[in-house]
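To keep things clear, I will list the structure first and then write my remarks on it.
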Amino acid sequence: MNYIRNILLFLFAGSQLSTITGQEKVVPFAFGDMDQWVVREIQESGIIGGNKKHLYEVGPTDTIVGNTAYHNRGGSPWANSNVMAKVAGVVKTNTSVFPERRGDGWCARLETRMESVKVFGLVDIEVVAAGSVFLGSVHEPIKGTKNPQAMLNSGVPFTKKPTAIRFDYKVKAAPEKDRIRSTGFSRKSKVAGQDSIAAILFLQKRWEDKEGNIYAKRVGTMVQRYVSSTDGWVNDATYPIMYGNISGHADYKPYMCIQVEERYATNSQGESVPVKEIGWAEEGDEPTHMVLQFTSSHGGAYIGSPGNTFWIDNVKLVY
């Protein structure tokens, strides 16, 4: 498939720009410098105001005018939480990821926001929307709010074993000690525990059975959470990837456990199915896929603290 072939190109795109310092090899992700963006101009339906909205995608610089579903362009492996939904003929957008100027280039700004749908001036639906940038793709147009993870194709083919991930980041953490849950179909409620901003990298060994179910074992793990604002940018932050069963590792945290959050992928039949992570891989096992996500809130869909903001730039792998 062309999509899979193009996604694999990001390995080679990074390799051509790799640098070696001492015994360290640094390989940038394709489009990981966040300097190129696709701007999408979407016209929302008149019944909810008919506003012209802009969605932003990490990919080769371009502008797309029209209510068309987006597919990854130019070999970019990145998708995000900016989506176009079409429910019962009504077109609505969500924008929670933005390009932002940084020096001579750009970075990505991820925000947790309250997103509302107004019909004839009345607020009918209000949801918490976190900003997320991840490796994979989105099944557009979104056709409902049920099971939002099934709308995402999480992860890309990947067979290497890097020692660490490196990126620049900046954090603005909301001060609230509890999170908000707002699905749009029930009253807002509090969720105990402070929100955290997160960077998540899993290397998985996946396989598919004859019924089309996808299973995985965890080969490599890196999860970093942030609960405090930073004083400006933190450059070249480097986080080791731990391999094998890390449940007894000194740096292991409960949120690094197996199947902490259900993710979906597209099987060989073109269906979106859960990736059933069933255990730890052996330390010597090779991965087949990489899951990488940067998010401005944790805890799942429609949960977060509005105001949380996560800036990322210059995403690389270290060998």
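Ligands are numbered from 1 in the order shown, chains are lettered A, B, ... in the order of the structure tokens, and residues start at 1 in each chain.
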Name all residues at most 9 Å from Ala150 in chain A (count only C-alpha atoms; drop same-chain ones fewer than 5 positions away) and give them as an MDAnalysis selection string.
chainID A and resid 139 263:265 272:274
All residues 8 Å or closer to Ile278 in chain A, only C-alpha atoms, same chain fewer than 6 positions away omitted, as a CSV table (one decimal) with C-alpha atoms, in the first residue's frame:
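File produced: around-v4.csv:
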chain,number,residue,atom,x,y,z
A,215,TYR,CA,-2.1,-8.5,19.2
A,216,ALA,CA,1.2,-7.0,20.5
A,217,LYS,CA,3.9,-7.4,23.0
A,258,ILE,CA,0.8,-3.1,29.7
A,259,GLN,CA,-2.4,-1.9,27.9
Within 9 Å of range 34-55 of chain A, which residues of range 222-315 of chain A come that close, and what is the closest atom pair and distance in Å for each? Count only C-alpha atoms and give it as CSV.
residue,atom,partner,partner_atom,distance
A:Ile312,CA,A:Met34,CA,8.1
A:Asp313,CA,A:Met34,CA,6.0
A:Asn314,CA,A:Met34,CA,6.8
A:Val315,CA,A:Met34,CA,8.4
For a quick check of understanding, using only C-alpha atoms, which of A:Ser81, A:Thr163, A:Thr95, A:Thr295 has the smallest distance to Ile197 in chain A?
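Checking each candidate against Ile197 in chain A, we get A:Thr295 as the closest.
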Would you please give, as a PyMOL selection string, all residues of range 155-249 of chain A that DSSP assigns to strand (DSSP E or B) based on the backbone?
chain A and resi 156-157+164-172+179-181+189-191+197-208+214-226+234-240+242-243
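Closest to Gln293 in chain A among A:Val83, A:Val65, A:Ala199, A:Ala88 is A:Ala199, based on only C-alpha atoms.
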With only C-alpha atoms as the counted atoms, please give the residues lying no more than 12 Å from Ala130 in chain A, apart from itself and same-chain residues fewer than 3 positions off, as a PyMOL selection string.
chain A and resi 80-82+94-97+109-115+127+133+179-182+195-198+294-310
Let's have the selection written as a PDB file, in the first residue's frame, with C-alpha atoms.
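part_33.pdb, written as the output of this step:
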ATOM      1  CA  ASN A  80      -2.951  14.981  15.280  1.00  0.00           C
ATOM      2  CA  SER A  81      -6.181  15.787  17.099  1.00  0.00           C
ATOM      3  CA  ASN A  82      -7.274  18.424  14.572  1.00  0.00           C
ATOM      4  CA  ASN A  94     -11.873  20.652  16.278  1.00  0.00           C
ATOM      5  CA  THR A  95      -8.539  22.468  16.414  1.00  0.00           C
ATOM      6  CA  SER A  96      -6.259  21.872  19.394  1.00  0.00           C
ATOM      7  CA  VAL A  97      -2.850  21.723  17.661  1.00  0.00           C
ATOM      8  CA  ARG A 109       1.610  23.989  20.234  1.00  0.00           C
ATOM      9  CA  LEU A 110      -0.796  21.474  21.799  1.00  0.00           C
ATOM     10  CA  GLU A 111      -3.655  22.819  23.910  1.00  0.00           C
ATOM     11  CA  THR A 112      -6.367  21.339  26.118  1.00  0.00           C
ATOM     12  CA  ARG A 113      -9.532  23.330  25.364  1.00  0.00           C
ATOM     13  CA  MET A 114     -13.294  23.334  25.797  1.00  0.00           C
ATOM     14  CA  GLU A 115     -14.871  22.785  22.395  1.00  0.00           C
ATOM     15  CA  VAL A 127     -16.450  18.626  25.346  1.00  0.00           C
ATOM     16  CA  VAL A 133       0.413  14.825  17.911  1.00  0.00           C
ATOM     17  CA  ARG A 179      -9.471  17.334  35.945  1.00  0.00           C
ATOM     18  CA  ILE A 180     -12.755  17.915  34.104  1.00  0.00           C
ATOM     19  CA  ARG A 181     -14.717  15.223  32.319  1.00  0.00           C
ATOM     20  CA  SER A 182     -17.072  16.596  29.678  1.00  0.00           C
ATOM     21  CA  ASP A 195      -3.770  16.595  34.864  1.00  0.00           C
ATOM     22  CA  SER A 196      -0.406  15.857  33.314  1.00  0.00           C
ATOM     23  CA  ILE A 197       1.157  16.510  29.954  1.00  0.00           C
ATOM     24  CA  ALA A 198       2.805  13.442  28.450  1.00  0.00           C
ATOM     25  CA  PHE A 294       2.696  13.906  22.566  1.00  0.00           C
ATOM     26  CA  THR A 295      -0.433  15.041  24.414  1.00  0.00           C
ATOM     27  CA  SER A 296      -1.515  18.027  26.509  1.00  0.00           C
ATOM     28  CA  SER A 297      -3.676  15.879  28.846  1.00  0.00           C
ATOM     29  CA  HIS A 298      -3.743  12.332  30.130  1.00  0.00           C
ATOM     30  CA  GLY A 299      -6.609  10.098  31.207  1.00  0.00           C
ATOM     31  CA  GLY A 300      -8.401   9.407  27.935  1.00  0.00           C
ATOM     32  CA  ALA A 301     -10.937  11.129  25.700  1.00  0.00           C
ATOM     33  CA  TYR A 302     -12.921  14.122  27.019  1.00  0.00           C
ATOM     34  CA  ILE A 303     -10.855  14.367  30.237  1.00  0.00           C
ATOM     35  CA  GLY A 304      -8.362  17.116  31.020  1.00  0.00           C
ATOM     36  CA  SER A 305      -7.630  20.569  32.399  1.00  0.00           C
ATOM     37  CA  PRO A 306      -8.319  23.406  29.936  1.00  0.00           C
ATOM     38  CA  GLY A 307      -5.273  25.640  29.764  1.00  0.00           C
ATOM     39  CA  ASN A 308      -2.693  22.861  29.722  1.00  0.00           C
ATOM     40  CA  THR A 309      -0.285  23.650  26.873  1.00  0.00           C
ATOM     41  CA  PHE A 310       2.592  21.607  25.470  1.00  0.00           C
TER      42      PHE A 310
END
Contact residues around range 134-138 of chain A with only C-alpha atoms at 9 Å, ignoring same-chain residues under 2 positions, as a PDB file with all heavy atoms, in the first residue's frame:
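Generated file (around-v9.pdb):
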ATOM      1  N   ILE A   7       5.049   5.907   4.739  1.00  0.00           N
ATOM      2  CA  ILE A   7       5.391   6.001   6.154  1.00  0.00           C
ATOM      3  C   ILE A   7       6.796   5.470   6.395  1.00  0.00           C
ATOM      4  O   ILE A   7       7.580   6.039   7.158  1.00  0.00           O
ATOM      5  CB  ILE A   7       4.370   5.228   7.009  1.00  0.00           C
ATOM      6  CG1 ILE A   7       3.052   6.002   7.044  1.00  0.00           C
ATOM      7  CG2 ILE A   7       4.878   4.992   8.408  1.00  0.00           C
ATOM      8  CD1 ILE A   7       3.146   7.364   7.684  1.00  0.00           C
ATOM      9  N   TYR A  70      -8.682  14.266   5.217  1.00  0.00           N
ATOM     10  CA  TYR A  70      -7.236  14.414   5.105  1.00  0.00           C
ATOM     11  C   TYR A  70      -6.546  13.060   5.191  1.00  0.00           C
ATOM     12  O   TYR A  70      -6.902  12.201   5.994  1.00  0.00           O
ATOM     13  CB  TYR A  70      -6.701  15.324   6.222  1.00  0.00           C
ATOM     14  CG  TYR A  70      -5.217  15.564   6.116  1.00  0.00           C
ATOM     15  CD1 TYR A  70      -4.702  16.472   5.195  1.00  0.00           C
ATOM     16  CD2 TYR A  70      -4.323  14.873   6.930  1.00  0.00           C
ATOM     17  CE1 TYR A  70      -3.339  16.683   5.085  1.00  0.00           C
ATOM     18  CE2 TYR A  70      -2.958  15.079   6.826  1.00  0.00           C
ATOM     19  CZ  TYR A  70      -2.472  15.987   5.900  1.00  0.00           C
ATOM     20  OH  TYR A  70      -1.113  16.195   5.785  1.00  0.00           O
ATOM     21  N   HIS A  71      -5.531  12.889   4.338  1.00  0.00           N
ATOM     22  CA  HIS A  71      -4.667  11.722   4.383  1.00  0.00           C
ATOM     23  C   HIS A  71      -3.226  12.215   4.453  1.00  0.00           C
ATOM     24  O   HIS A  71      -2.877  13.212   3.817  1.00  0.00           O
ATOM     25  CB  HIS A  71      -4.872  10.843   3.145  1.00  0.00           C
ATOM     26  CG  HIS A  71      -6.288  10.397   2.949  1.00  0.00           C
ATOM     27  ND1 HIS A  71      -6.854   9.370   3.676  1.00  0.00           N
ATOM     28  CD2 HIS A  71      -7.261  10.854   2.117  1.00  0.00           C
ATOM     29  CE1 HIS A  71      -8.117   9.206   3.299  1.00  0.00           C
ATOM     30  NE2 HIS A  71      -8.394  10.092   2.356  1.00  0.00           N
ATOM     31  N   ASN A  72      -2.381  11.512   5.209  1.00  0.00           N
ATOM     32  CA  ASN A  72      -0.990  11.922   5.377  1.00  0.00           C
ATOM     33  C   ASN A  72      -0.348  12.200   4.023  1.00  0.00           C
ATOM     34  O   ASN A  72      -0.518  11.422   3.066  1.00  0.00           O
ATOM     35  CB  ASN A  72      -0.202  10.841   6.108  1.00  0.00           C
ATOM     36  CG  ASN A  72      -0.682  10.634   7.528  1.00  0.00           C
ATOM     37  OD1 ASN A  72      -1.877  10.483   7.763  1.00  0.00           O
ATOM     38  ND2 ASN A  72       0.227  10.623   8.471  1.00  0.00           N
ATOM     39  N   SER A  76       4.873  12.118   5.396  1.00  0.00           N
ATOM     40  CA  SER A  76       4.826  12.521   6.802  1.00  0.00           C
ATOM     41  C   SER A  76       4.189  11.410   7.626  1.00  0.00           C
ATOM     42  O   SER A  76       3.089  10.948   7.309  1.00  0.00           O
ATOM     43  CB  SER A  76       4.019  13.809   6.975  1.00  0.00           C
ATOM     44  OG  SER A  76       3.846  14.104   8.345  1.00  0.00           O
ATOM     45  N   PRO A  77       4.831  10.995   8.719  1.00  0.00           N
ATOM     46  CA  PRO A  77       4.244   9.955   9.575  1.00  0.00           C
ATOM     47  C   PRO A  77       3.314  10.516  10.636  1.00  0.00           C
ATOM     48  O   PRO A  77       2.760   9.748  11.420  1.00  0.00           O
ATOM     49  CB  PRO A  77       5.480   9.332  10.237  1.00  0.00           C
ATOM     50  CG  PRO A  77       6.424  10.488  10.376  1.00  0.00           C
ATOM     51  CD  PRO A  77       6.205  11.353   9.148  1.00  0.00           C
ATOM     52  N   TRP A  78       3.119  11.849  10.666  1.00  0.00           N
ATOM     53  CA  TRP A  78       2.428  12.502  11.782  1.00  0.00           C
ATOM     54  C   TRP A  78       0.944  12.717  11.523  1.00  0.00           C
ATOM     55  O   TRP A  78       0.549  13.115  10.422  1.00  0.00           O
ATOM     56  CB  TRP A  78       3.063  13.856  12.078  1.00  0.00           C
ATOM     57  CG  TRP A  78       4.513  13.787  12.427  1.00  0.00           C
ATOM     58  CD1 TRP A  78       5.568  14.055  11.607  1.00  0.00           C
ATOM     59  CD2 TRP A  78       5.074  13.401  13.688  1.00  0.00           C
ATOM     60  NE1 TRP A  78       6.749  13.876  12.282  1.00  0.00           N
ATOM     61  CE2 TRP A  78       6.476  13.475  13.563  1.00  0.00           C
ATOM     62  CE3 TRP A  78       4.511  13.015  14.903  1.00  0.00           C
ATOM     63  CZ2 TRP A  78       7.335  13.164  14.617  1.00  0.00           C
ATOM     64  CZ3 TRP A  78       5.371  12.707  15.947  1.00  0.00           C
ATOM     65  CH2 TRP A  78       6.769  12.787  15.807  1.00  0.00           C
ATOM     66  N   ALA A  79       0.148  12.517  12.563  1.00  0.00           N
ATOM     67  CA  ALA A  79      -1.264  12.915  12.586  1.00  0.00           C
ATOM     68  C   ALA A  79      -1.482  13.683  13.876  1.00  0.00           C
ATOM     69  O   ALA A  79      -0.591  13.770  14.725  1.00  0.00           O
ATOM     70  CB  ALA A  79      -2.177  11.696  12.515  1.00  0.00           C
ATOM     71  N   ASN A  80      -2.679  14.256  14.041  1.00  0.00           N
ATOM     72  CA  ASN A  80      -2.951  14.981  15.280  1.00  0.00           C
ATOM     73  C   ASN A  80      -4.451  15.038  15.554  1.00  0.00           C
ATOM     74  O   ASN A  80      -5.257  14.474  14.828  1.00  0.00           O
ATOM     75  CB  ASN A  80      -2.311  16.376  15.261  1.00  0.00           C
ATOM     76  CG  ASN A  80      -2.873  17.280  14.196  1.00  0.00           C
ATOM     77  OD1 ASN A  80      -4.081  17.487  14.104  1.00  0.00           O
ATOM     78  ND2 ASN A  80      -2.001  17.863  13.371  1.00  0.00           N
ATOM     79  N   SER A  81      -4.798  15.744  16.632  1.00  0.00           N
ATOM     80  CA  SER A  81      -6.181  15.787  17.099  1.00  0.00           C
ATOM     81  C   SER A  81      -7.024  16.830  16.382  1.00  0.00           C
ATOM     82  O   SER A  81      -8.195  17.013  16.730  1.00  0.00           O
ATOM     83  CB  SER A  81      -6.213  16.043  18.610  1.00  0.00           C
ATOM     84  OG  SER A  81      -5.434  17.181  18.943  1.00  0.00           O
ATOM     85  N   VAL A  83      -9.382  17.626  13.666  1.00  0.00           N
ATOM     86  CA  VAL A  83     -10.188  16.739  12.830  1.00  0.00           C
ATOM     87  C   VAL A  83     -11.418  17.452  12.292  1.00  0.00           C
ATOM     88  O   VAL A  83     -11.892  18.433  12.867  1.00  0.00           O
ATOM     89  CB  VAL A  83     -10.647  15.481  13.606  1.00  0.00           C
ATOM     90  CG1 VAL A  83      -9.462  14.618  13.995  1.00  0.00           C
ATOM     91  CG2 VAL A  83     -11.468  15.858  14.827  1.00  0.00           C
ATOM     92  N   SER A 132      -3.073  16.678  20.664  1.00  0.00           N
ATOM     93  CA  SER A 132      -2.257  15.471  20.553  1.00  0.00           C
ATOM     94  C   SER A 132      -1.610  15.408  19.185  1.00  0.00           C
ATOM     95  O   SER A 132      -2.264  15.654  18.168  1.00  0.00           O
ATOM     96  CB  SER A 132      -3.121  14.220  20.781  1.00  0.00           C
ATOM     97  OG  SER A 132      -2.372  13.041  20.599  1.00  0.00           O
ATOM     98  N   GLU A 140     -10.904  10.084   8.695  1.00  0.00           N
ATOM     99  CA  GLU A 140     -11.854  11.193   8.511  1.00  0.00           C
ATOM    100  C   GLU A 140     -12.861  10.855   7.425  1.00  0.00           C
ATOM    101  O   GLU A 140     -12.570  10.068   6.527  1.00  0.00           O
ATOM    102  CB  GLU A 140     -11.086  12.461   8.125  1.00  0.00           C
ATOM    103  CG  GLU A 140     -10.530  13.221   9.287  1.00  0.00           C
ATOM    104  CD  GLU A 140     -10.151  14.646   8.893  1.00  0.00           C
ATOM    105  OE1 GLU A 140      -9.941  14.926   7.697  1.00  0.00           O
ATOM    106  OE2 GLU A 140     -10.085  15.477   9.782  1.00  0.00           O
ATOM    107  N   PRO A 141     -14.053  11.518   7.478  1.00  0.00           N
ATOM    108  CA  PRO A 141     -14.502  12.390   8.556  1.00  0.00           C
ATOM    109  C   PRO A 141     -14.931  11.591   9.777  1.00  0.00           C
ATOM    110  O   PRO A 141     -15.401  10.461   9.663  1.00  0.00           O
ATOM    111  CB  PRO A 141     -15.696  13.108   7.927  1.00  0.00           C
ATOM    112  CG  PRO A 141     -16.245  12.125   6.939  1.00  0.00           C
ATOM    113  CD  PRO A 141     -15.048  11.406   6.385  1.00  0.00           C
ATOM    114  N   ILE A 142     -14.764  12.189  10.968  1.00  0.00           N
ATOM    115  CA  ILE A 142     -15.226  11.562  12.196  1.00  0.00           C
ATOM    116  C   ILE A 142     -16.760  11.534  12.168  1.00  0.00           C
ATOM    117  O   ILE A 142     -17.394  12.530  11.843  1.00  0.00           O
ATOM    118  CB  ILE A 142     -14.737  12.349  13.424  1.00  0.00           C
ATOM    119  CG1 ILE A 142     -13.210  12.488  13.393  1.00  0.00           C
ATOM    120  CG2 ILE A 142     -15.188  11.666  14.703  1.00  0.00           C
ATOM    121  CD1 ILE A 142     -12.447  11.199  13.380  1.00  0.00           C
ATOM    122  N   MET A 151     -11.171   5.888  15.806  1.00  0.00           N
ATOM    123  CA  MET A 151     -10.998   6.778  14.656  1.00  0.00           C
ATOM    124  C   MET A 151      -9.528   7.023  14.321  1.00  0.00           C
ATOM    125  O   MET A 151      -9.207   7.699  13.346  1.00  0.00           O
ATOM    126  CB  MET A 151     -11.678   8.124  14.934  1.00  0.00           C
ATOM    127  CG  MET A 151     -13.178   8.046  15.183  1.00  0.00           C
ATOM    128  SD  MET A 151     -14.090   7.438  13.731  1.00  0.00           S
ATOM    129  CE  MET A 151     -14.403   5.735  14.216  1.00  0.00           C
ATOM    130  N   LEU A 152      -8.630   6.466  15.152  1.00  0.00           N
ATOM    131  CA  LEU A 152      -7.199   6.695  14.983  1.00  0.00           C
ATOM    132  C   LEU A 152      -6.501   5.409  14.570  1.00  0.00           C
ATOM    133  O   LEU A 152      -6.815   4.334  15.068  1.00  0.00           O
ATOM    134  CB  LEU A 152      -6.583   7.197  16.296  1.00  0.00           C
ATOM    135  CG  LEU A 152      -7.306   8.345  17.005  1.00  0.00           C
ATOM    136  CD1 LEU A 152      -6.568   8.702  18.291  1.00  0.00           C
ATOM    137  CD2 LEU A 152      -7.435   9.558  16.096  1.00  0.00           C
ATOM    138  N   ASN A 153      -5.561   5.530  13.668  1.00  0.00           N
ATOM    139  CA  ASN A 153      -4.671   4.425  13.321  1.00  0.00           C
ATOM    140  C   ASN A 153      -3.346   4.712  14.020  1.00  0.00           C
ATOM    141  O   ASN A 153      -2.563   5.543  13.569  1.00  0.00           O
ATOM    142  CB  ASN A 153      -4.490   4.330  11.808  1.00  0.00           C
ATOM    143  CG  ASN A 153      -3.619   3.158  11.404  1.00  0.00           C
ATOM    144  OD1 ASN A 153      -3.514   2.172  12.120  1.00  0.00           O
ATOM    145  ND2 ASN A 153      -2.991   3.262  10.241  1.00  0.00           N
ATOM    146  N   SER A 154      -3.121   4.058  15.154  1.00  0.00           N
ATOM    147  CA  SER A 154      -2.024   4.409  16.054  1.00  0.00           C
ATOM    148  C   SER A 154      -0.782   3.589  15.760  1.00  0.00           C
ATOM    149  O   SER A 154      -0.809   2.358  15.810  1.00  0.00           O
ATOM    150  CB  SER A 154      -2.454   4.200  17.510  1.00  0.00           C
ATOM    151  OG  SER A 154      -1.417   4.524  18.396  1.00  0.00           O
ATOM    152  N   GLY A 155       0.306   4.289  15.463  1.00  0.00           N
ATOM    153  CA  GLY A 155       1.587   3.629  15.252  1.00  0.00           C
ATOM    154  C   GLY A 155       1.942   3.487  13.790  1.00  0.00           C
ATOM    155  O   GLY A 155       1.085   3.551  12.906  1.00  0.00           O
ATOM    156  N   VAL A 156       3.252   3.290  13.543  1.00  0.00           N
ATOM    157  CA  VAL A 156       3.765   3.087  12.186  1.00  0.00           C
ATOM    158  C   VAL A 156       4.752   1.934  12.200  1.00  0.00           C
ATOM    159  O   VAL A 156       5.346   1.615  13.240  1.00  0.00           O
ATOM    160  CB  VAL A 156       4.461   4.363  11.652  1.00  0.00           C
ATOM    161  CG1 VAL A 156       3.475   5.504  11.499  1.00  0.00           C
ATOM    162  CG2 VAL A 156       5.639   4.775  12.544  1.00  0.00           C
ATOM    163  N   ALA A 265      -5.621   0.106  15.473  1.00  0.00           N
ATOM    164  CA  ALA A 265      -4.836   0.097  14.246  1.00  0.00           C
ATOM    165  C   ALA A 265      -5.674  -0.525  13.145  1.00  0.00           C
ATOM    166  O   ALA A 265      -6.676  -1.202  13.402  1.00  0.00           O
ATOM    167  CB  ALA A 265      -3.531  -0.673  14.432  1.00  0.00           C
ATOM    168  N   MET A 290       6.192   1.327  15.983  1.00  0.00           N
ATOM    169  CA  MET A 290       6.436   2.356  16.982  1.00  0.00           C
ATOM    170  C   MET A 290       5.165   3.146  17.218  1.00  0.00           C
ATOM    171  O   MET A 290       4.508   3.592  16.273  1.00  0.00           O
ATOM    172  CB  MET A 290       7.536   3.325  16.553  1.00  0.00           C
ATOM    173  CG  MET A 290       7.753   4.482  17.561  1.00  0.00           C
ATOM    174  SD  MET A 290       8.875   5.776  16.984  1.00  0.00           S
ATOM    175  CE  MET A 290      10.433   4.913  17.139  1.00  0.00           C
ATOM    176  N   VAL A 291       4.809   3.318  18.490  1.00  0.00           N
ATOM    177  CA  VAL A 291       3.743   4.231  18.917  1.00  0.00           C
ATOM    178  C   VAL A 291       4.431   5.421  19.575  1.00  0.00           C
ATOM    179  O   VAL A 291       5.218   5.249  20.501  1.00  0.00           O
ATOM    180  CB  VAL A 291       2.794   3.547  19.921  1.00  0.00           C
ATOM    181  CG1 VAL A 291       1.808   4.562  20.507  1.00  0.00           C
ATOM    182  CG2 VAL A 291       2.058   2.384  19.266  1.00  0.00           C
ATOM    183  N   LEU A 292       4.173   6.620  19.080  1.00  0.00           N
ATOM    184  CA  LEU A 292       4.739   7.832  19.668  1.00  0.00           C
ATOM    185  C   LEU A 292       3.659   8.891  19.712  1.00  0.00           C
ATOM    186  O   LEU A 292       3.024   9.191  18.697  1.00  0.00           O
ATOM    187  CB  LEU A 292       5.923   8.334  18.849  1.00  0.00           C
ATOM    188  CG  LEU A 292       6.562   9.651  19.304  1.00  0.00           C
ATOM    189  CD1 LEU A 292       7.079   9.554  20.734  1.00  0.00           C
ATOM    190  CD2 LEU A 292       7.692  10.057  18.363  1.00  0.00           C
ATOM    191  N   GLN A 293       3.435   9.451  20.896  1.00  0.00           N
ATOM    192  CA  GLN A 293       2.382  10.445  21.079  1.00  0.00           C
ATOM    193  C   GLN A 293       2.839  11.524  22.046  1.00  0.00           C
ATOM    194  O   GLN A 293       3.438  11.241  23.082  1.00  0.00           O
ATOM    195  CB  GLN A 293       1.109   9.785  21.633  1.00  0.00           C
ATOM    196  CG  GLN A 293      -0.038  10.762  21.870  1.00  0.00           C
ATOM    197  CD  GLN A 293      -1.218  10.119  22.577  1.00  0.00           C
ATOM    198  OE1 GLN A 293      -1.078   9.083  23.209  1.00  0.00           O
ATOM    199  NE2 GLN A 293      -2.383  10.734  22.471  1.00  0.00           N
ATOM    200  N   PHE A 294       2.545  12.765  21.673  1.00  0.00           N
ATOM    201  CA  PHE A 294       2.696  13.906  22.566  1.00  0.00           C
ATOM    202  C   PHE A 294       1.293  14.442  22.835  1.00  0.00           C
ATOM    203  O   PHE A 294       0.531  14.683  21.894  1.00  0.00           O
ATOM    204  CB  PHE A 294       3.548  15.002  21.928  1.00  0.00           C
ATOM    205  CG  PHE A 294       4.942  14.562  21.563  1.00  0.00           C
ATOM    206  CD1 PHE A 294       5.220  14.071  20.292  1.00  0.00           C
ATOM    207  CD2 PHE A 294       5.971  14.626  22.483  1.00  0.00           C
ATOM    208  CE1 PHE A 294       6.500  13.664  19.948  1.00  0.00           C
ATOM    209  CE2 PHE A 294       7.257  14.222  22.153  1.00  0.00           C
ATOM    210  CZ  PHE A 294       7.526  13.738  20.881  1.00  0.00           C
ATOM    211  N   THR A 295       0.937  14.643  24.107  1.00  0.00           N
ATOM    212  CA  THR A 295      -0.433  15.041  24.414  1.00  0.00           C
ATOM    213  C   THR A 295      -0.461  16.045  25.554  1.00  0.00           C
ATOM    214  O   THR A 295       0.342  15.963  26.492  1.00  0.00           O
ATOM    215  CB  THR A 295      -1.304  13.816  24.759  1.00  0.00           C
ATOM    216  OG1 THR A 295      -2.631  14.239  25.068  1.00  0.00           O
ATOM    217  CG2 THR A 295      -0.733  13.028  25.915  1.00  0.00           C
TER     218      THR A 295
END
Identify, on the basis of only C-alpha atoms, every residue whose closest approach to Glu176 in chain A does not exceed 7 Å; exclude the query and any residue fewer than 2 positions from it along the same chain; express the result as a PyMOL selection string.
chain A and resi 174+178+194
Print the selection's residues with N, CA, C and O atoms to a file, as a compact mmCIF listing (two decimals), in the first residue's frame.
# COMPACT_ATOMS: atom_id res chain seq x y z
N ALA A 174 -1.89 23.80 33.81
CA ALA A 174 -3.04 24.40 34.48
C ALA A 174 -2.93 24.16 35.99
O ALA A 174 -2.46 23.11 36.43
N ASP A 178 -7.73 18.98 40.14
CA ASP A 178 -8.57 17.93 39.57
C ASP A 178 -8.82 18.22 38.10
O ASP A 178 -8.72 19.37 37.64
N GLN A 194 -4.49 15.56 39.49
CA GLN A 194 -4.03 16.64 38.62
C GLN A 194 -3.74 16.13 37.23
O GLN A 194 -3.26 15.01 37.05
